[in-house]
file model.csv (CSV, N, CA and C atoms)
chain,number,residue,atom,x,y,z
X,1,MET,N,-12.4,-8.8,3.7
X,1,MET,CA,-12.6,-7.4,3.6
X,1,MET,C,-13.1,-6.8,4.9
X,2,ARG,N,-13.8,-7.5,5.7
X,2,ARG,CA,-14.3,-7.0,7.0
X,2,ARG,C,-13.2,-6.5,7.8
X,3,ARG,N,-12.1,-7.3,7.8
X,3,ARG,CA,-10.9,-6.9,8.6
X,3,ARG,C,-10.4,-5.5,8.2
X,4,LEU,N,-10.6,-5.1,7.0
X,4,LEU,CA,-10.0,-3.9,6.4
X,4,LEU,C,-11.0,-2.7,6.6
X,5,GLU,N,-12.2,-3.0,6.9
X,5,GLU,CA,-13.2,-1.9,7.1
X,5,GLU,C,-12.8,-0.8,8.1
X,6,PRO,N,-12.3,-1.2,9.3
X,6,PRO,CA,-11.9,-0.1,10.2
X,6,PRO,C,-10.8,0.8,9.7
X,7,ALA,N,-9.9,0.2,8.9
X,7,ALA,CA,-8.9,1.1,8.3
X,7,ALA,C,-9.4,2.0,7.2
X,8,LEU,N,-10.3,1.5,6.4
X,8,LEU,CA,-10.9,2.2,5.3
X,8,LEU,C,-12.0,3.2,5.7
X,9,TYR,N,-12.8,2.7,6.7
X,9,TYR,CA,-13.9,3.5,7.1
X,9,TYR,C,-13.9,3.6,8.6
X,10,PRO,N,-13.0,4.4,9.2
X,10,PRO,CA,-12.9,4.6,10.6
X,10,PRO,C,-14.1,5.2,11.2
X,11,ARG,N,-14.3,4.9,12.5
X,11,ARG,CA,-15.4,5.5,13.3
X,11,ARG,C,-14.8,6.3,14.4
X,12,GLY,N,-15.5,7.2,15.0
X,12,GLY,CA,-15.1,8.0,16.1
X,12,GLY,C,-14.4,9.3,15.6
X,13,PRO,N,-13.6,9.9,16.5
X,13,PRO,CA,-12.9,11.2,16.2
X,13,PRO,C,-12.1,11.2,14.9
X,14,GLU,N,-11.4,10.0,14.7
X,14,GLU,CA,-10.5,10.0,13.5
X,14,GLU,C,-11.3,10.0,12.2
X,15,ALA,N,-12.6,9.7,12.3
X,15,ALA,CA,-13.4,9.7,11.0
X,15,ALA,C,-14.0,11.0,10.7
X,16,GLU,N,-13.7,12.0,11.5
X,16,GLU,CA,-14.2,13.4,11.3
X,16,GLU,C,-13.1,14.2,10.7
X,17,GLY,N,-13.5,15.3,10.0
X,17,GLY,CA,-12.6,16.2,9.5
X,17,GLY,C,-12.4,16.1,8.0
X,18,ALA,N,-11.7,17.1,7.5
X,18,ALA,CA,-11.5,17.2,6.0
X,18,ALA,C,-10.6,16.1,5.5
X,19,LEU,N,-9.5,15.8,6.2
X,19,LEU,CA,-8.6,14.7,5.7
X,19,LEU,C,-9.3,13.4,5.6
X,20,ALA,N,-10.1,13.0,6.7
X,20,ALA,CA,-10.8,11.8,6.7
X,20,ALA,C,-11.8,11.7,5.5
X,21,LEU,N,-12.5,12.8,5.2
X,21,LEU,CA,-13.4,12.9,4.0
X,21,LEU,C,-12.6,12.7,2.7
X,22,ARG,N,-11.4,13.3,2.6
X,22,ARG,CA,-10.6,13.2,1.4
X,22,ARG,C,-10.2,11.7,1.2
X,23,VAL,N,-9.8,11.1,2.3
X,23,VAL,CA,-9.3,9.7,2.2
X,23,VAL,C,-10.5,8.8,1.8
X,24,ARG,N,-11.6,9.0,2.4
X,24,ARG,CA,-12.8,8.2,2.1
X,24,ARG,C,-13.2,8.3,0.6
X,25,GLU,N,-13.2,9.6,0.2
X,25,GLU,CA,-13.6,9.8,-1.3
X,25,GLU,C,-12.5,9.3,-2.2
X,26,ALA,N,-11.3,9.3,-1.8
X,26,ALA,CA,-10.2,8.8,-2.7
X,26,ALA,C,-10.3,7.3,-2.8
X,27,VAL,N,-10.6,6.6,-1.7
X,27,VAL,CA,-10.7,5.1,-1.7
X,27,VAL,C,-11.9,4.7,-2.5
X,28,GLN,N,-13.0,5.4,-2.4
X,28,GLN,CA,-14.2,5.1,-3.2
X,28,GLN,C,-13.9,5.3,-4.7
X,29,ALA,N,-13.1,6.4,-5.0
X,29,ALA,CA,-12.8,6.7,-6.4
X,29,ALA,C,-11.8,5.6,-6.9
X,30,TYR,N,-10.9,5.1,-6.1
X,30,TYR,CA,-10.0,4.0,-6.5
X,30,TYR,C,-10.8,2.8,-6.9
X,31,PHE,N,-11.7,2.4,-6.0
X,31,PHE,CA,-12.5,1.2,-6.3
X,31,PHE,C,-13.5,1.4,-7.5
X,32,ALA,N,-13.8,2.6,-7.8
X,32,ALA,CA,-14.6,2.9,-9.0
X,32,ALA,C,-13.8,2.9,-10.3
X,33,GLY,N,-12.5,2.7,-10.1
X,33,GLY,CA,-11.6,2.8,-11.2
X,33,GLY,C,-11.2,4.1,-11.7
X,34,GLU,N,-11.4,5.1,-10.9
X,34,GLU,CA,-11.2,6.5,-11.3
X,34,GLU,C,-10.0,7.2,-10.7
X,35,ARG,N,-9.2,6.4,-9.9
X,35,ARG,CA,-8.1,7.0,-9.2
X,35,ARG,C,-6.9,6.0,-9.2
X,36,PRO,N,-5.8,6.3,-9.8
X,36,PRO,CA,-4.7,5.3,-9.8
X,36,PRO,C,-3.8,5.4,-8.6
X,37,ASP,N,-3.8,6.5,-7.8
X,37,ASP,CA,-2.8,6.6,-6.7
X,37,ASP,C,-3.4,7.6,-5.6
X,38,PHE,N,-2.6,7.7,-4.6
X,38,PHE,CA,-3.0,8.5,-3.4
X,38,PHE,C,-1.9,9.5,-3.0
X,39,LEU,N,-1.1,9.9,-4.0
X,39,LEU,CA,0.0,10.7,-3.7
X,39,LEU,C,-0.3,12.0,-3.1
X,40,ASP,N,-1.5,12.5,-3.4
X,40,ASP,CA,-1.9,13.8,-2.8
X,40,ASP,C,-2.3,13.8,-1.4
X,41,LEU,N,-2.5,12.6,-0.8
X,41,LEU,CA,-2.9,12.5,0.5
X,41,LEU,C,-1.7,12.4,1.5
X,42,PRO,N,-1.6,13.3,2.5
X,42,PRO,CA,-0.5,13.2,3.4
X,42,PRO,C,-0.6,12.0,4.3
X,43,LEU,N,0.6,11.5,4.6
X,43,LEU,CA,0.6,10.4,5.6
X,43,LEU,C,1.4,10.8,6.8
X,44,ASP,N,1.0,10.4,8.0
X,44,ASP,CA,1.8,10.7,9.2
X,44,ASP,C,2.8,9.6,9.5
X,45,TYR,N,4.0,9.9,9.2
X,45,TYR,CA,5.1,8.9,9.4
X,45,TYR,C,5.8,9.0,10.8
X,46,THR,N,5.1,9.7,11.7
X,46,THR,CA,5.7,9.9,13.1
X,46,THR,C,6.0,8.5,13.7
X,47,GLY,N,7.3,8.4,14.2
X,47,GLY,CA,7.7,7.2,14.8
X,47,GLY,C,8.3,6.1,13.9
X,48,LEU,N,8.3,6.4,12.6
X,48,LEU,CA,8.8,5.4,11.7
X,48,LEU,C,10.3,5.7,11.4
X,49,SER,N,11.1,4.7,11.2
X,49,SER,CA,12.5,4.9,10.9
X,49,SER,C,12.7,5.6,9.5
X,50,PRO,N,13.8,6.2,9.3
X,50,PRO,CA,14.1,6.8,8.0
X,50,PRO,C,14.0,5.8,6.9
X,51,ALA,N,14.5,4.6,7.2
X,51,ALA,CA,14.4,3.5,6.1
X,51,ALA,C,13.0,3.2,5.7
X,52,ARG,N,12.1,3.1,6.7
X,52,ARG,CA,10.7,2.8,6.4
X,52,ARG,C,10.1,3.9,5.7
X,53,LEU,N,10.4,5.1,6.1
X,53,LEU,CA,9.8,6.3,5.5
X,53,LEU,C,10.2,6.3,4.0
X,54,ARG,N,11.5,6.1,3.7
X,54,ARG,CA,12.0,6.0,2.3
X,54,ARG,C,11.3,4.9,1.5
X,55,LEU,N,11.1,3.8,2.1
X,55,LEU,CA,10.5,2.6,1.5
X,55,LEU,C,9.0,2.9,1.1
X,56,TYR,N,8.3,3.4,2.1
X,56,TYR,CA,6.9,3.7,1.9
X,56,TYR,C,6.7,4.8,0.8
X,57,GLU,N,7.5,5.8,0.9
X,57,GLU,CA,7.4,6.8,-0.2
X,57,GLU,C,7.7,6.3,-1.5
X,58,ARG,N,8.7,5.4,-1.6
X,58,ARG,CA,9.1,4.8,-2.9
X,58,ARG,C,8.0,3.9,-3.4
X,59,VAL,N,7.4,3.1,-2.5
X,59,VAL,CA,6.3,2.2,-2.9
X,59,VAL,C,5.1,3.0,-3.4
X,60,ARG,N,4.9,4.2,-2.8
X,60,ARG,CA,3.7,5.0,-3.3
X,60,ARG,C,3.9,5.4,-4.8
X,61,LEU,N,5.1,5.4,-5.3
X,61,LEU,CA,5.4,5.7,-6.7
X,61,LEU,C,5.3,4.6,-7.7
X,62,VAL,N,5.1,3.4,-7.2
X,62,VAL,CA,4.9,2.2,-8.1
X,62,VAL,C,3.5,2.5,-8.8
X,63,PRO,N,3.6,2.6,-10.1
X,63,PRO,CA,2.4,2.9,-10.9
X,63,PRO,C,1.2,1.9,-10.8
X,64,TYR,N,0.0,2.4,-10.8
X,64,TYR,CA,-1.2,1.6,-10.9
X,64,TYR,C,-1.0,0.6,-12.1
X,65,GLY,N,-1.3,-0.7,-11.8
X,65,GLY,CA,-1.2,-1.7,-12.9
X,65,GLY,C,0.2,-2.3,-13.1
X,66,ARG,N,1.1,-1.9,-12.3
X,66,ARG,CA,2.5,-2.3,-12.4
X,66,ARG,C,2.9,-3.0,-11.1
X,67,THR,N,4.0,-3.8,-11.1
X,67,THR,CA,4.5,-4.4,-9.9
X,67,THR,C,6.0,-4.1,-9.9
X,68,VAL,N,6.6,-4.3,-8.7
X,68,VAL,CA,8.1,-4.2,-8.6
X,68,VAL,C,8.4,-5.3,-7.6
X,69,SER,N,9.6,-5.8,-7.6
X,69,SER,CA,10.0,-6.9,-6.8
X,69,SER,C,10.6,-6.4,-5.4
X,70,TYR,N,10.5,-7.3,-4.4
X,70,TYR,CA,11.1,-7.0,-3.1
X,70,TYR,C,12.6,-6.7,-3.3
X,71,GLY,N,13.2,-7.6,-4.2
X,71,GLY,CA,14.7,-7.4,-4.4
X,71,GLY,C,15.0,-6.1,-5.1
X,72,ALA,N,14.3,-5.7,-6.1
X,72,ALA,CA,14.6,-4.5,-6.8
X,72,ALA,C,14.5,-3.3,-5.8
X,73,LEU,N,13.4,-3.3,-5.0
X,73,LEU,CA,13.3,-2.2,-4.0
X,73,LEU,C,14.4,-2.2,-3.0
X,74,GLY,N,14.8,-3.4,-2.6
X,74,GLY,CA,15.9,-3.6,-1.6
X,74,GLY,C,17.2,-3.0,-2.2
X,75,ARG,N,17.5,-3.4,-3.4
X,75,ARG,CA,18.7,-2.9,-4.1
X,75,ARG,C,18.7,-1.4,-4.2
X,76,GLU,N,17.6,-0.8,-4.6
X,76,GLU,CA,17.5,0.6,-4.8
X,76,GLU,C,17.7,1.4,-3.5
X,77,LEU,N,17.2,0.8,-2.4
X,77,LEU,CA,17.1,1.5,-1.1
X,77,LEU,C,18.2,1.0,-0.1
X,78,GLY,N,19.0,0.0,-0.5
X,78,GLY,CA,20.0,-0.5,0.4
X,78,GLY,C,19.5,-1.4,1.5
X,79,LEU,N,18.4,-2.1,1.2
X,79,LEU,CA,17.8,-3.0,2.2
X,79,LEU,C,17.7,-4.4,1.6
X,80,SER,N,17.6,-5.4,2.5
X,80,SER,CA,17.5,-6.8,2.0
X,80,SER,C,16.0,-7.0,1.6
X,81,PRO,N,15.8,-7.9,0.7
X,81,PRO,CA,14.4,-8.2,0.3
X,81,PRO,C,13.5,-8.6,1.5
X,82,ARG,N,14.1,-9.3,2.5
X,82,ARG,CA,13.3,-9.6,3.7
X,82,ARG,C,13.0,-8.4,4.5
X,83,ALA,N,13.9,-7.4,4.6
X,83,ALA,CA,13.6,-6.2,5.3
X,83,ALA,C,12.5,-5.4,4.6
X,84,VAL,N,12.5,-5.4,3.3
X,84,VAL,CA,11.4,-4.8,2.5
X,84,VAL,C,10.1,-5.4,2.9
X,85,GLY,N,10.1,-6.8,2.8
X,85,GLY,CA,8.8,-7.5,3.1
X,85,GLY,C,8.4,-7.3,4.5
X,86,ALA,N,9.3,-7.3,5.5
X,86,ALA,CA,8.9,-7.1,6.9
X,86,ALA,C,8.3,-5.7,7.1
X,87,ALA,N,9.0,-4.7,6.5
X,87,ALA,CA,8.5,-3.3,6.6
X,87,ALA,C,7.1,-3.1,5.9
X,88,LEU,N,6.9,-3.8,4.8
X,88,LEU,CA,5.6,-3.7,4.2
X,88,LEU,C,4.5,-4.4,5.0
X,89,ARG,N,4.9,-5.5,5.6
X,89,ARG,CA,3.9,-6.2,6.5
X,89,ARG,C,3.4,-5.3,7.6
X,90,ALA,N,4.3,-4.5,8.1
X,90,ALA,CA,4.0,-3.6,9.2
X,90,ALA,C,3.4,-2.3,8.8
X,91,CYS,N,3.3,-2.1,7.5
X,91,CYS,CA,2.8,-0.8,7.0
X,91,CYS,C,1.4,-0.5,7.5
X,92,PRO,N,1.2,0.7,8.2
X,92,PRO,CA,-0.1,1.0,8.7
X,92,PRO,C,-1.0,1.7,7.7
X,93,PHE,N,-0.6,1.9,6.4
X,93,PHE,CA,-1.3,2.7,5.5
X,93,PHE,C,-1.8,1.8,4.3
X,94,PHE,N,-2.7,0.9,4.7
X,94,PHE,CA,-3.2,0.0,3.6
X,94,PHE,C,-3.8,0.8,2.5
X,95,LEU,N,-3.4,0.4,1.3
X,95,LEU,CA,-3.8,0.9,0.0
X,95,LEU,C,-3.2,2.3,-0.3
X,96,LEU,N,-3.0,3.1,0.7
X,96,LEU,CA,-2.4,4.4,0.4
X,96,LEU,C,-0.9,4.3,0.1
X,97,VAL,N,-0.3,3.2,0.7
X,97,VAL,CA,1.0,2.8,0.3
X,97,VAL,C,0.7,1.4,-0.4
X,98,PRO,N,0.8,1.3,-1.7
X,98,PRO,CA,0.3,0.1,-2.4
X,98,PRO,C,1.2,-1.1,-2.3
X,99,ALA,N,1.3,-1.6,-1.1
X,99,ALA,CA,2.2,-2.8,-0.8
X,99,ALA,C,1.8,-4.0,-1.7
X,100,HIS,N,0.6,-4.0,-2.1
X,100,HIS,CA,0.1,-5.1,-2.9
X,100,HIS,C,0.9,-5.2,-4.3
X,101,ARG,N,1.5,-4.1,-4.7
X,101,ARG,CA,2.2,-4.0,-6.0
X,101,ARG,C,3.6,-4.6,-5.9
X,102,VAL,N,4.0,-5.0,-4.7
X,102,VAL,CA,5.4,-5.5,-4.5
X,102,VAL,C,5.3,-7.1,-4.4
X,103,ILE,N,6.0,-7.7,-5.3
X,103,ILE,CA,5.9,-9.2,-5.5
X,103,ILE,C,7.4,-9.7,-5.5
X,104,HIS,N,7.5,-11.0,-5.5
X,104,HIS,CA,8.8,-11.7,-5.7
X,104,HIS,C,9.2,-11.6,-7.2
X,105,ALA,N,10.6,-11.6,-7.3
X,105,ALA,CA,11.1,-11.5,-8.7
X,105,ALA,C,10.7,-12.6,-9.6
X,106,ASP,N,10.3,-13.7,-9.1
X,106,ASP,CA,9.9,-14.9,-9.9
X,106,ASP,C,8.4,-14.8,-10.2
X,107,GLY,N,7.7,-13.8,-9.8
X,107,GLY,CA,6.3,-13.6,-10.1
X,107,GLY,C,5.4,-14.1,-9.0
X,108,ARG,N,5.9,-14.8,-8.0
X,108,ARG,CA,5.1,-15.2,-6.8
X,108,ARG,C,4.6,-13.9,-6.1
X,109,LEU,N,3.4,-14.0,-5.6
X,109,LEU,CA,2.9,-12.8,-4.9
X,109,LEU,C,3.5,-12.5,-3.6
X,110,GLY,N,3.8,-13.5,-2.8
X,110,GLY,CA,4.3,-13.2,-1.5
X,110,GLY,C,3.2,-12.9,-0.5
X,111,GLY,N,3.5,-12.8,0.7
X,111,GLY,CA,2.5,-12.5,1.7
X,111,GLY,C,1.9,-11.1,1.6
X,112,PHE,N,0.8,-11.0,2.3
X,112,PHE,CA,0.1,-9.7,2.3
X,112,PHE,C,-0.7,-9.6,3.6
X,113,GLN,N,0.0,-9.6,4.7
X,113,GLN,CA,-0.7,-9.6,6.0
X,113,GLN,C,-1.7,-10.7,6.1
X,114,GLY,N,-1.4,-11.9,5.6
X,114,GLY,CA,-2.3,-13.0,5.7
X,114,GLY,C,-3.4,-12.9,4.7
X,115,GLN,N,-3.4,-12.0,3.8
X,115,GLN,CA,-4.5,-11.8,2.9
X,115,GLN,C,-4.0,-11.9,1.4
X,116,GLU,N,-3.4,-13.0,1.1
X,116,GLU,CA,-2.9,-13.2,-0.3
X,116,GLU,C,-4.0,-13.1,-1.3
X,117,GLY,N,-5.2,-13.6,-1.0
X,117,GLY,CA,-6.3,-13.5,-1.9
X,117,GLY,C,-6.7,-12.1,-2.2
X,118,LEU,N,-6.6,-11.2,-1.2
X,118,LEU,CA,-6.8,-9.8,-1.4
X,118,LEU,C,-5.8,-9.2,-2.3
X,119,LYS,N,-4.5,-9.6,-2.1
X,119,LYS,CA,-3.4,-9.0,-2.9
X,119,LYS,C,-3.7,-9.4,-4.4
X,120,LEU,N,-4.0,-10.7,-4.6
X,120,LEU,CA,-4.3,-11.2,-5.9
X,120,LEU,C,-5.5,-10.4,-6.5
X,121,TRP,N,-6.5,-10.2,-5.8
X,121,TRP,CA,-7.7,-9.5,-6.3
X,121,TRP,C,-7.3,-8.0,-6.7
X,122,LEU,N,-6.5,-7.3,-5.8
X,122,LEU,CA,-6.1,-6.0,-6.1
X,122,LEU,C,-5.3,-5.9,-7.4
X,123,LEU,N,-4.4,-6.8,-7.5
X,123,LEU,CA,-3.5,-6.8,-8.7
X,123,LEU,C,-4.3,-7.1,-10.0
X,124,ARG,N,-5.3,-8.0,-9.9
X,124,ARG,CA,-6.2,-8.2,-11.0
X,124,ARG,C,-7.0,-7.0,-11.3
X,125,PHE,N,-7.6,-6.4,-10.3
X,125,PHE,CA,-8.4,-5.2,-10.4
X,125,PHE,C,-7.6,-4.1,-11.1
X,126,GLU,N,-6.4,-4.0,-10.8
X,126,GLU,CA,-5.5,-2.9,-11.5
X,126,GLU,C,-5.0,-3.4,-12.8
X,127,GLY,N,-5.2,-4.6,-13.2
X,127,GLY,CA,-4.7,-5.1,-14.5
X,127,GLY,C,-3.3,-5.5,-14.5
X,128,ALA,N,-2.7,-5.7,-13.3
X,128,ALA,CA,-1.3,-6.0,-13.2
X,128,ALA,C,-1.0,-7.5,-13.5
X,129,LEU,N,-2.1,-8.3,-13.4
X,129,LEU,CA,-2.0,-9.8,-13.6
X,129,LEU,C,-3.0,-10.2,-14.7
call {"tool": "encode", "arguments": {"input": "model.csv", "output": "structure tokens"}}
result
Amino acid sequence: MRRLEPALYPRGPEAEGALALRVREAVQAYFAGERPDFLDLPLDYTGLSPARLRLYERVRLVPYGRTVSYGALGRELGLSPRAVGAALRACPFFLLVPAHRVIHADGRLGGFQGQEGLKLWLLRFEGAL
């Protein structure tokens, strides 16, 4: 979890302002079990390909407590399952784009930026497992 603290609780200029406060409050509400998604928070997709933008927006729609497979997302968006996995590994929006809800079709969790234990914890926290 320490590795994630800078992303969840930034310091410096990026930690100031109304949006930073909204994100901080939203994340705290999520972990208090009071918030199932972050759809109302704007994300800055500057520099991302149209395919990644579509994928990230689609993953944001995966409901709390549910999962979807890499393959299903790939078929829906015209991407290979590996491309879906690679894009999610590179996703800079931890938790706001709930990549932890994307798993293998056979139920295996798959990677999560080297934090498979965290992925398992988040899915159990949400009641998906």
call {"tool": "select_by_dssp", "arguments": {"input": "model.csv", "residues": "chain X", "states": "strand (DSSP E or B)", "output": "PyMOL selection string"}}
result
chain X and resi 68-69+94+97+102-103
call {"tool": "write_last_selection", "arguments": {"input": "model.csv", "atoms": "N, CA and C atoms", "output": "short mmCIF file (atom, residue, chain, number, x, y, z; two decimals), in the frame of the given file"}}
result
data_model
loop_
_atom_site.label_atom_id
_atom_site.label_comp_id
_atom_site.auth_asym_id
_atom_site.auth_seq_id
_atom_site.Cartn_x
_atom_site.Cartn_y
_atom_site.Cartn_z
N VAL X 68 6.60 -4.30 -8.70
CA VAL X 68 8.10 -4.20 -8.60
C VAL X 68 8.40 -5.30 -7.60
N SER X 69 9.60 -5.80 -7.60
CA SER X 69 10.00 -6.90 -6.80
C SER X 69 10.60 -6.40 -5.40
N PHE X 94 -2.70 0.90 4.70
CA PHE X 94 -3.20 0.00 3.60
C PHE X 94 -3.80 0.80 2.50
N VAL X 97 -0.30 3.20 0.70
CA VAL X 97 1.00 2.80 0.30
C VAL X 97 0.70 1.40 -0.40
N VAL X 102 4.00 -5.00 -4.70
CA VAL X 102 5.40 -5.50 -4.50
C VAL X 102 5.30 -7.10 -4.40
N ILE X 103 6.00 -7.70 -5.30
CA ILE X 103 5.90 -9.20 -5.50
C ILE X 103 7.40 -9.70 -5.50
#
call {"tool": "closest_residue", "arguments": {"input": "model.csv", "among": "X:Glu76, X:Leu19, X:Cys91, X:Gly71", "to": "X:Pro42", "atoms": "all atoms listed in the file"}}
result
X:Leu19
call {"tool": "closest_atom_pairs", "arguments": {"input": "model.csv", "of": "stretch 93-126 of chain X", "to": "stretch 49-65 of chain X", "cutoff": "6.5 Å", "atoms": "only N, CA and C atoms", "output": "CSV"}}
result
residue,atom,partner,partner_atom,distance
X:Leu96,C,X:Arg60,CA,5.8
X:Val97,CA,X:Arg60,CA,5.0
X:Pro98,N,X:Val59,C,4.9
X:Ala99,N,X:Val59,C,6.4
X:Glu126,C,X:Gly65,CA,4.2
call {"tool": "residues_around", "arguments": {"input": "model.csv", "residues": "stretch 108-122 of chain X", "least_positions_apart": "6", "cutoff": "8 Å", "atoms": "only C-alpha atoms", "output": "number ranges by chain"}}
result
X: 89, 99-100, 102
call {"tool": "select_by_dssp", "arguments": {"input": "model.csv", "residues": "chain X", "states": "alpha helix (DSSP H)", "output": "PyMOL selection string"}}
result
chain X and resi 5-8+18-31+50-60+70-77+81-89+116-126
call {"tool": "atom_distance", "arguments": {"input": "model.csv", "atom1": "atom CA of X:Leu95", "atom2": "atom CA of X:Thr67"}}
result
14.0 Å
call {"tool": "atom_distance", "arguments": {"input": "model.csv", "atom1": "atom N of X:Leu123", "atom2": "atom N of X:Val84"}}
result
20.1 Å
call {"tool": "atom_distance", "arguments": {"input": "model.csv", "atom1": "atom N of X:Asp37", "atom2": "atom C of X:Glu25"}}
result
10.7 Å
call {"tool": "closest_residue", "arguments": {"input": "model.csv", "among": "X:Gly33, X:Ala90, X:Arg82, X:Gly74", "to": "X:Gly127", "atoms": "only C-alpha atoms"}}
result
X:Gly33
call {"tool": "closest_residue", "arguments": {"input": "model.csv", "among": "X:Pro92, X:Ala18, X:Thr46, X:His104", "to": "X:Ala72", "atoms": "only C-alpha atoms"}}
result
X:His104
call {"tool": "closest_residue", "arguments": {"input": "model.csv", "among": "X:Gln28, X:Ser69, X:Arg75, X:Arg22", "to": "X:Asp40", "atoms": "only C-alpha atoms"}}
result
X:Arg22
call {"tool": "axis_aligned_box", "arguments": {"input": "model.csv", "around": "stretch 112-120 of chain X", "padding_each_side": "3 Å", "output": "AutoDock Vina command-line options"}}
result
--center_x -3.0 --center_y -11.3 --center_z -0.2 --size_x 13.6 --size_y 10.6 --size_z 18.6
